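A.B. asks: Just one file: final-v5.txt, with compact mmCIF, C-alpha atoms and all ligand atoms.
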```
# COMPACT_ATOMS: atom_id res chain seq x y z
CA MET J 741 27.06 11.59 68.86
CA GLN J 742 26.86 14.83 66.93
CA GLN J 743 26.29 16.64 70.23
CA LEU J 744 29.41 15.02 71.70
CA ARG J 745 31.52 15.94 68.66
CA LYS J 746 30.30 19.51 68.94
CA LYS J 747 31.23 19.59 72.63
CA LEU J 748 34.70 18.22 71.98
CA LYS J 749 35.30 20.69 69.16
CA HIS J 750 34.13 23.47 71.45
CA ALA J 751 36.47 22.38 74.27
CA LEU J 752 39.40 22.14 71.88
CA LEU J 753 38.76 25.58 70.42
CA ALA J 754 38.42 27.05 73.90
CA LYS J 755 41.85 25.60 74.76
CA LEU J 756 43.38 27.14 71.67
CA LEU J 757 42.05 30.51 72.77
CA LYS J 758 43.88 30.37 76.10
CA GLY J 759 45.10 33.85 76.95
CA ASN J 760 44.33 37.12 78.63
CA ASN J 761 43.36 39.66 75.95
CA VAL J 762 39.64 39.50 76.62
CA ALA J 763 37.65 38.83 79.77
CA CYS J 764 34.05 37.81 80.41
CA THR J 765 32.20 39.95 82.96
CA VAL J 766 29.67 37.15 83.56
CA CYS J 767 31.86 34.12 84.34
CA GLY J 768 35.27 35.79 84.79
CA SER J 769 37.09 33.64 82.20
CA THR J 770 39.87 35.17 80.12
CA TYR J 771 40.94 34.25 76.57
CA SER J 772 43.13 35.48 73.74
CA SER J 773 39.83 36.18 71.98
CA PHE J 774 36.19 35.14 72.21
CA PHE J 775 34.49 32.79 69.75
CA PRO J 776 32.95 34.23 66.60
CA TYR J 777 29.16 34.39 66.64
CA LEU J 778 27.02 34.69 63.50
CA ASN J 779 28.96 37.19 61.38
CA ARG J 780 30.84 38.74 64.33
CA ALA J 781 34.42 37.84 65.20
CA ASN J 782 35.43 37.86 68.89
CA ALA J 783 31.89 37.76 70.29
CA GLN J 784 30.94 34.72 72.37
CA CYS J 785 32.55 33.62 75.64
CA PRO J 786 33.75 30.01 75.14
CA SER J 787 32.98 29.24 78.77
CA CYS J 788 29.51 30.65 79.57
CA ARG J 789 28.49 31.63 76.01
CA SER J 790 27.80 35.25 76.94
CA LEU J 791 27.58 37.72 74.04
CA GLU J 792 28.56 41.40 73.84
CA ARG J 793 25.21 42.72 75.04
CA THR J 794 24.87 40.23 77.89
CA ARG J 795 28.34 41.07 79.21
CA LEU J 796 27.55 44.79 79.09
CA ILE J 797 24.21 44.44 80.88
CA TYR J 798 25.65 42.17 83.54
CA GLN J 799 28.50 44.64 84.16
CA PHE J 800 25.93 47.42 84.47
CA ILE J 801 23.94 45.39 87.02
CA LYS J 802 27.13 44.77 89.03
CA ASP J 803 28.31 48.40 88.81
CA LYS J 804 24.99 49.76 90.01
CA ALA J 805 24.68 47.03 92.67
CA LEU J 806 21.14 46.33 91.45
CA ILE J 807 21.12 42.81 92.85
CA GLN J 808 21.35 42.32 96.60
CA PRO J 809 21.08 39.06 98.57
CA ASN J 810 17.27 39.25 98.89
CA THR J 811 16.40 40.77 95.52
CA ARG J 812 13.36 39.07 94.02
CA LEU J 813 14.17 38.98 90.34
CA LEU J 814 11.82 38.06 87.51
CA HIS J 815 13.85 37.23 84.40
CA ILE J 816 11.83 36.80 81.23
CA ALA J 817 13.38 34.77 78.39
CA PRO J 818 16.51 34.13 80.47
CA GLU J 819 19.88 33.90 78.77
CA GLN J 820 21.54 30.70 80.04
CA CYS J 821 24.71 32.46 81.24
CA LEU J 822 22.70 34.98 83.28
CA TYR J 823 20.36 32.25 84.52
CA ASP J 824 23.39 30.46 85.97
CA VAL J 825 24.79 33.45 87.87
CA PHE J 826 21.42 34.77 89.10
CA LYS J 827 20.30 31.33 90.25
CA GLN J 828 23.50 30.92 92.19
CA GLN J 829 23.24 34.38 93.76
CA LEU J 830 19.53 34.45 94.57
CA GLY J 831 18.29 30.86 94.82
CA ASN J 832 14.49 30.83 95.11
CA ASP J 833 14.26 34.62 94.84
CA TYR J 834 15.23 34.22 91.19
CA ILE J 835 12.20 33.56 88.99
CA PRO J 836 13.06 32.57 85.42
CA ALA J 837 10.04 32.71 83.10
CA ASP J 838 9.33 32.28 79.42
CA LYS J 839 6.54 31.61 76.99
CA PHE J 840 7.07 27.93 76.23
CA GLU J 841 7.28 26.98 72.59
CA VAL J 842 7.30 23.56 70.98
CA GLY J 843 10.78 22.31 70.14
CA TYR J 844 12.55 24.33 72.83
CA SER J 845 13.68 23.22 76.27
CA TYR J 846 13.81 25.32 79.42
CA PRO J 847 15.46 24.89 82.83
CA SER J 848 13.12 22.86 85.07
CA ASP J 849 12.26 25.78 87.35
CA THR J 850 11.21 28.08 84.51
CA SER J 851 7.60 29.31 84.70
CA ASN J 852 5.52 29.30 81.52
CA VAL J 853 4.11 32.83 81.39
CA ASP J 854 2.33 35.23 79.09
CA ILE J 855 4.10 38.57 79.51
CA THR J 856 0.81 40.41 78.89
CA SER J 857 -0.83 38.57 81.80
CA LEU J 858 1.80 37.77 84.41
CA PRO J 859 0.82 35.26 87.12
CA PHE J 860 2.44 37.28 89.92
CA GLU J 861 0.99 39.55 92.58
CA ASP J 862 1.13 43.33 92.47
CA GLY J 863 4.37 44.68 93.89
CA SER J 864 5.92 41.24 94.32
CA MET J 865 9.23 41.82 92.43
CA ASP J 866 12.27 44.00 93.12
CA MET J 867 13.50 43.75 89.58
CA VAL J 868 12.42 42.56 86.13
CA ILE J 869 14.81 41.78 83.28
CA ALA J 870 13.61 41.09 79.72
CA ILE J 871 16.27 41.54 77.06
CA HIS J 872 15.10 41.64 73.45
CA VAL J 873 11.62 40.38 74.27
CA LEU J 874 9.17 43.22 73.62
CA GLU J 875 9.83 43.37 69.88
CA HIS J 876 8.21 39.90 69.74
CA VAL J 877 5.10 40.92 71.70
CA GLN J 878 2.05 42.23 69.84
CA ASP J 879 0.63 44.16 72.79
CA ASP J 880 3.84 45.60 74.23
CA ALA J 881 1.89 48.33 76.06
CA LYS J 882 0.04 45.65 78.04
CA ALA J 883 3.32 43.82 78.72
CA LEU J 884 4.85 47.04 80.05
CA GLN J 885 1.82 47.63 82.30
CA GLU J 886 2.15 44.11 83.63
CA ILE J 887 5.85 44.50 84.38
CA TYR J 888 5.10 47.79 86.11
CA ARG J 889 2.30 46.18 88.13
CA VAL J 890 4.38 43.27 89.49
CA LEU J 891 7.24 45.56 90.54
CA LYS J 892 7.46 47.03 94.01
CA LYS J 893 7.53 50.79 94.29
CA GLY J 894 11.17 51.75 93.72
CA GLY J 895 11.79 48.50 91.82
CA TYR J 896 13.87 48.39 88.64
CA ALA J 897 13.42 47.00 85.17
CA ILE J 898 15.88 46.48 82.31
CA LEU J 899 13.92 45.94 79.10
CA GLN J 900 16.35 46.35 76.23
CA VAL J 901 14.91 46.24 72.71
CA PRO J 902 16.60 46.60 69.33
CA TYR J 903 15.80 49.96 67.76
CA GLU J 904 16.81 51.92 64.71
CA GLN J 905 18.55 55.15 65.56
CA SER J 906 17.66 56.59 62.15
CA ARG J 907 13.93 55.94 62.57
CA GLU J 908 11.93 58.58 64.38
CA HIS J 909 8.69 56.63 64.87
CA THR J 910 8.23 52.96 65.68
CA TYR J 911 6.94 51.00 62.71
CA GLU J 912 4.30 48.35 63.35
CA ASP J 913 1.34 46.92 61.52
CA ALA J 914 -0.77 44.24 63.21
CA SER J 915 -2.11 43.06 59.84
CA ILE J 916 1.37 41.74 58.96
CA THR J 917 1.34 38.27 60.47
CA SER J 918 3.13 35.76 58.24
CA PRO J 919 6.77 34.95 59.09
CA GLU J 920 7.84 35.92 55.55
CA ALA J 921 6.12 39.29 55.65
CA ARG J 922 7.39 39.99 59.15
CA LYS J 923 10.92 39.29 58.03
CA GLN J 924 10.46 41.60 55.09
CA HIS J 925 8.88 44.43 57.10
CA PHE J 926 10.43 44.05 60.56
CA GLY J 927 13.74 42.36 59.74
CA GLN J 928 13.07 39.08 61.55
CA SER J 929 10.34 36.48 61.04
CA ASP J 930 9.19 36.64 64.69
CA HIS J 931 9.39 40.40 65.23
CA VAL J 932 6.17 42.41 65.21
CA ARG J 933 7.66 45.90 64.89
CA ILE J 934 10.79 47.99 64.44
CA TYR J 935 11.25 50.39 67.31
CA GLY J 936 12.26 53.93 66.46
CA ARG J 937 13.74 56.66 68.63
CA ASP J 938 10.32 57.14 70.24
CA TYR J 939 10.52 53.74 71.93
CA ILE J 940 11.56 55.14 75.26
CA ASN J 941 8.21 56.96 75.45
CA ARG J 942 6.50 53.57 75.51
CA PHE J 943 8.52 52.69 78.59
CA ARG J 944 7.44 55.90 80.27
CA ALA J 945 3.77 55.25 79.52
CA PRO J 946 2.95 52.95 82.48
CA GLY J 947 4.77 55.34 84.85
CA PHE J 948 8.43 54.31 84.73
CA SER J 949 11.13 56.91 85.18
CA VAL J 950 14.21 56.40 83.01
CA GLN J 951 17.82 56.58 84.24
CA TYR J 952 21.37 55.91 82.96
CA ALA J 953 20.94 56.23 79.24
CA ASP J 954 24.65 56.73 78.57
CA TYR J 955 26.30 54.03 80.69
CA VAL J 956 28.40 52.57 77.89
CA GLN J 957 29.97 55.99 77.19
CA SER J 958 31.22 56.12 80.77
CA ILE J 959 33.37 53.00 80.39
CA PRO J 960 37.05 53.52 79.47
CA GLU J 961 37.84 52.44 75.91
CA GLN J 962 40.37 49.79 76.98
CA LEU J 963 37.80 48.08 79.20
CA LYS J 964 35.20 48.17 76.44
CA GLU J 965 37.73 46.36 74.26
CA ARG J 966 38.75 43.89 76.92
CA TYR J 967 35.17 42.86 77.69
CA VAL J 968 34.07 43.26 74.05
CA PHE J 969 30.91 45.14 74.93
CA LYS J 970 28.08 46.01 72.62
CA LYS J 971 27.93 49.80 72.13
CA GLU J 972 24.35 50.00 73.29
CA GLU J 973 22.57 52.43 75.56
CA ILE J 974 21.11 50.82 78.65
CA PHE J 975 17.98 52.30 80.12
CA LEU J 976 17.27 51.58 83.74
CA LEU J 977 13.54 51.93 84.40
CA ARG J 978 12.32 52.69 87.89
CA LYS J 979 8.83 52.37 89.32
ZN ZN J 1001 31.81 33.84 80.24
```
Turn this file's structure into structure tokens for me.
C.D. replies:
Amino acid sequence: MQQLRKKLKHALLAKLLKGNNVACTVCGSTYSSFFPYLNRANAQCPSCRSLERTRLIYQFIKDKALIQPNTRLLHIAPEQCLYDVFKQQLGNDYIPADKFEVGYSYPSDTSNVDITSLPFEDGSMDMVIAIHVLEHVQDDAKALQEIYRVLKKGGYAILQVPYEQSREHTYEDASITSPEARKQHFGQSDHVRIYGRDYINRFRAPGFSVQYADYVQSIPEQLKERYVFKKEEIFLLRK
């Protein structure tokens, strides 16, 4: 009942936002403004629920034509809106995967995986996407090696993490394990570090080359406003 009420409220609000000031790069819907999300006004697409970062990354993927009809794409911790478009585009070549946790539900074709020990063959993927995942993983170096291993030579990865521009070195301490202490030290109860400006070196460690650090700067201001993009650098990693 509560679920139904929520859905109806959502549909009504979406109707009230009918318009053409903002547009979603993921589902193509337009509105007078997006829904608020957490403390941010004008953030979430009422139709597919995409957020600022997701819309930016999806636009980047489209602009660079990173996904072709036969691209084999491993998507770790898939955002629902991207799951929907990738599944439709790629069918069985789209492999959604996550580490299953009690109390959460996942689309039926999602694989339960440990990112530090991926159950896929060497060189079996054209692309890997994992957005805001590595800051939750204790052994991120091993995860990066695994992602590198399953990619084909020439394959791409997008592995965005939150990082603090003002921090030179990544801060982590494996002895901090309780949710309370992690929140205090790393800003979120399930984060295991705060990445600093050196984080891109971790991506280079397994052998990735790094491209397109300044994509968001290349987008005209009026489009940034129309799509309500996150002002975030995107790093495209290439094996
Ligand atoms: Zn949308």
A.B. asks: Give the residues close to ligand ZN 1001 (chain J), within 7 Å, counting all atoms listed in the file; write them as a short mmCIF file (atom, residue, chain, number, x, y, z; two decimals) with C-alpha atoms, keeping the file's coordinate frame.
C.D. replies:
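Output file out_22.cif is given in full below:
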```cif
data_model
loop_
_atom_site.label_atom_id
_atom_site.label_comp_id
_atom_site.auth_asym_id
_atom_site.auth_seq_id
_atom_site.Cartn_x
_atom_site.Cartn_y
_atom_site.Cartn_z
CA CYS J 764 34.05 37.81 80.41
CA THR J 765 32.20 39.95 82.96
CA VAL J 766 29.67 37.15 83.56
CA CYS J 767 31.86 34.12 84.34
CA GLY J 768 35.27 35.79 84.79
CA SER J 769 37.09 33.64 82.20
CA CYS J 785 32.55 33.62 75.64
CA PRO J 786 33.75 30.01 75.14
CA SER J 787 32.98 29.24 78.77
CA CYS J 788 29.51 30.65 79.57
CA ARG J 789 28.49 31.63 76.01
CA SER J 790 27.80 35.25 76.94
#
```
A.B. asks: Place a sphere of radius 10 Å on (-1.1, 37.5, 73.5) in the file coordinates and name every protein, DNA or RNA residue with an atom inside or on its surface, counting all atoms listed in the file; give the answer as a ChimeraX atom specification.
C.D. replies: /J:854-857,877-880,882-883
A.B. asks: So that I can check the surroundings of range 814-830 of chain J, please list as a list in words every protein, DNA and RNA residue that reaches within 7 Å of it, counting only C-alpha atoms and ignoring chain neighbours fewer than 2 positions away.
C.D. replies: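 The residues satisfying every condition are Cys788, Arg789, Ser790, Pro809, Asn810, Arg812, Asn832, Asp833, Tyr834, Ile835, Pro836, Ala837, Asp838, Met865, Met867, Val868, Ile869 and Ala870 of chain J.
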A.B. asks: Restricting the calculation to all atoms listed in the file: of J:Asp849, J:Tyr896, J:Gln905, J:Gly843, which residue gets closest to Ala805 in chain J?
C.D. replies: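 Among the listed residues, J:Tyr896 lies closest to Ala805 in chain J.
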A.B. asks: Go ahead and compute the interatomic distance for CA of His909 in chain J and CA of Arg780 in chain J, in Å to one decimal.
C.D. replies: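 About the pair CA of His909 in chain J and CA of Arg780 in chain J: they are 28.5 Å apart.
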A.B. asks: Provide the CA of Asn852 in chain J to CA of Glu792 in chain J distance in Å, to one decimal place.
C.D. replies: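 Separation between CA of Asn852 in chain J and CA of Glu792 in chain J: 27.1 Å.
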A.B. asks: For range 881-892 of chain J, which lacks atoms in the input, supply N, CA and C atoms and format the output as a PDB file, in the coordinates of the input.
C.D. replies:
```
ATOM      1  N   ALA J 881       2.378  47.391  75.034  1.00  0.00           N
ATOM      2  CA  ALA J 881       1.890  48.330  76.060  1.00  0.00           C
ATOM      3  C   ALA J 881       1.336  47.561  77.260  1.00  0.00           C
ATOM      4  N   LYS J 882       0.602  46.482  76.961  1.00  0.00           N
ATOM      5  CA  LYS J 882       0.040  45.650  78.040  1.00  0.00           C
ATOM      6  C   LYS J 882       1.179  44.958  78.810  1.00  0.00           C
ATOM      7  N   ALA J 883       2.174  44.474  78.075  1.00  0.00           N
ATOM      8  CA  ALA J 883       3.320  43.820  78.720  1.00  0.00           C
ATOM      9  C   ALA J 883       4.018  44.800  79.668  1.00  0.00           C
ATOM     10  N   LEU J 884       4.192  46.034  79.214  1.00  0.00           N
ATOM     11  CA  LEU J 884       4.850  47.040  80.050  1.00  0.00           C
ATOM     12  C   LEU J 884       4.020  47.353  81.303  1.00  0.00           C
ATOM     13  N   GLN J 885       2.704  47.416  81.133  1.00  0.00           N
ATOM     14  CA  GLN J 885       1.820  47.630  82.300  1.00  0.00           C
ATOM     15  C   GLN J 885       1.949  46.490  83.298  1.00  0.00           C
ATOM     16  N   GLU J 886       2.034  45.273  82.766  1.00  0.00           N
ATOM     17  CA  GLU J 886       2.150  44.110  83.630  1.00  0.00           C
ATOM     18  C   GLU J 886       3.473  44.102  84.409  1.00  0.00           C
ATOM     19  N   ILE J 887       4.541  44.443  83.717  1.00  0.00           N
ATOM     20  CA  ILE J 887       5.850  44.500  84.380  1.00  0.00           C
ATOM     21  C   ILE J 887       5.826  45.569  85.469  1.00  0.00           C
ATOM     22  N   TYR J 888       5.217  46.698  85.135  1.00  0.00           N
ATOM     23  CA  TYR J 888       5.100  47.790  86.110  1.00  0.00           C
ATOM     24  C   TYR J 888       4.281  47.326  87.324  1.00  0.00           C
ATOM     25  N   ARG J 889       3.209  46.637  87.054  1.00  0.00           N
ATOM     26  CA  ARG J 889       2.300  46.180  88.130  1.00  0.00           C
ATOM     27  C   ARG J 889       3.001  45.230  89.114  1.00  0.00           C
ATOM     28  N   VAL J 890       3.786  44.271  88.590  1.00  0.00           N
ATOM     29  CA  VAL J 890       4.380  43.270  89.490  1.00  0.00           C
ATOM     30  C   VAL J 890       5.586  43.812  90.259  1.00  0.00           C
ATOM     31  N   LEU J 891       6.096  44.979  89.826  1.00  0.00           N
ATOM     32  CA  LEU J 891       7.240  45.560  90.540  1.00  0.00           C
ATOM     33  C   LEU J 891       6.786  46.276  91.816  1.00  0.00           C
ATOM     34  N   LYS J 892       7.661  46.213  92.813  1.00  0.00           N
ATOM     35  CA  LYS J 892       7.460  47.030  94.010  1.00  0.00           C
ATOM     36  C   LYS J 892       7.728  48.487  93.673  1.00  0.00           C
TER      37      LYS J 892
END
```
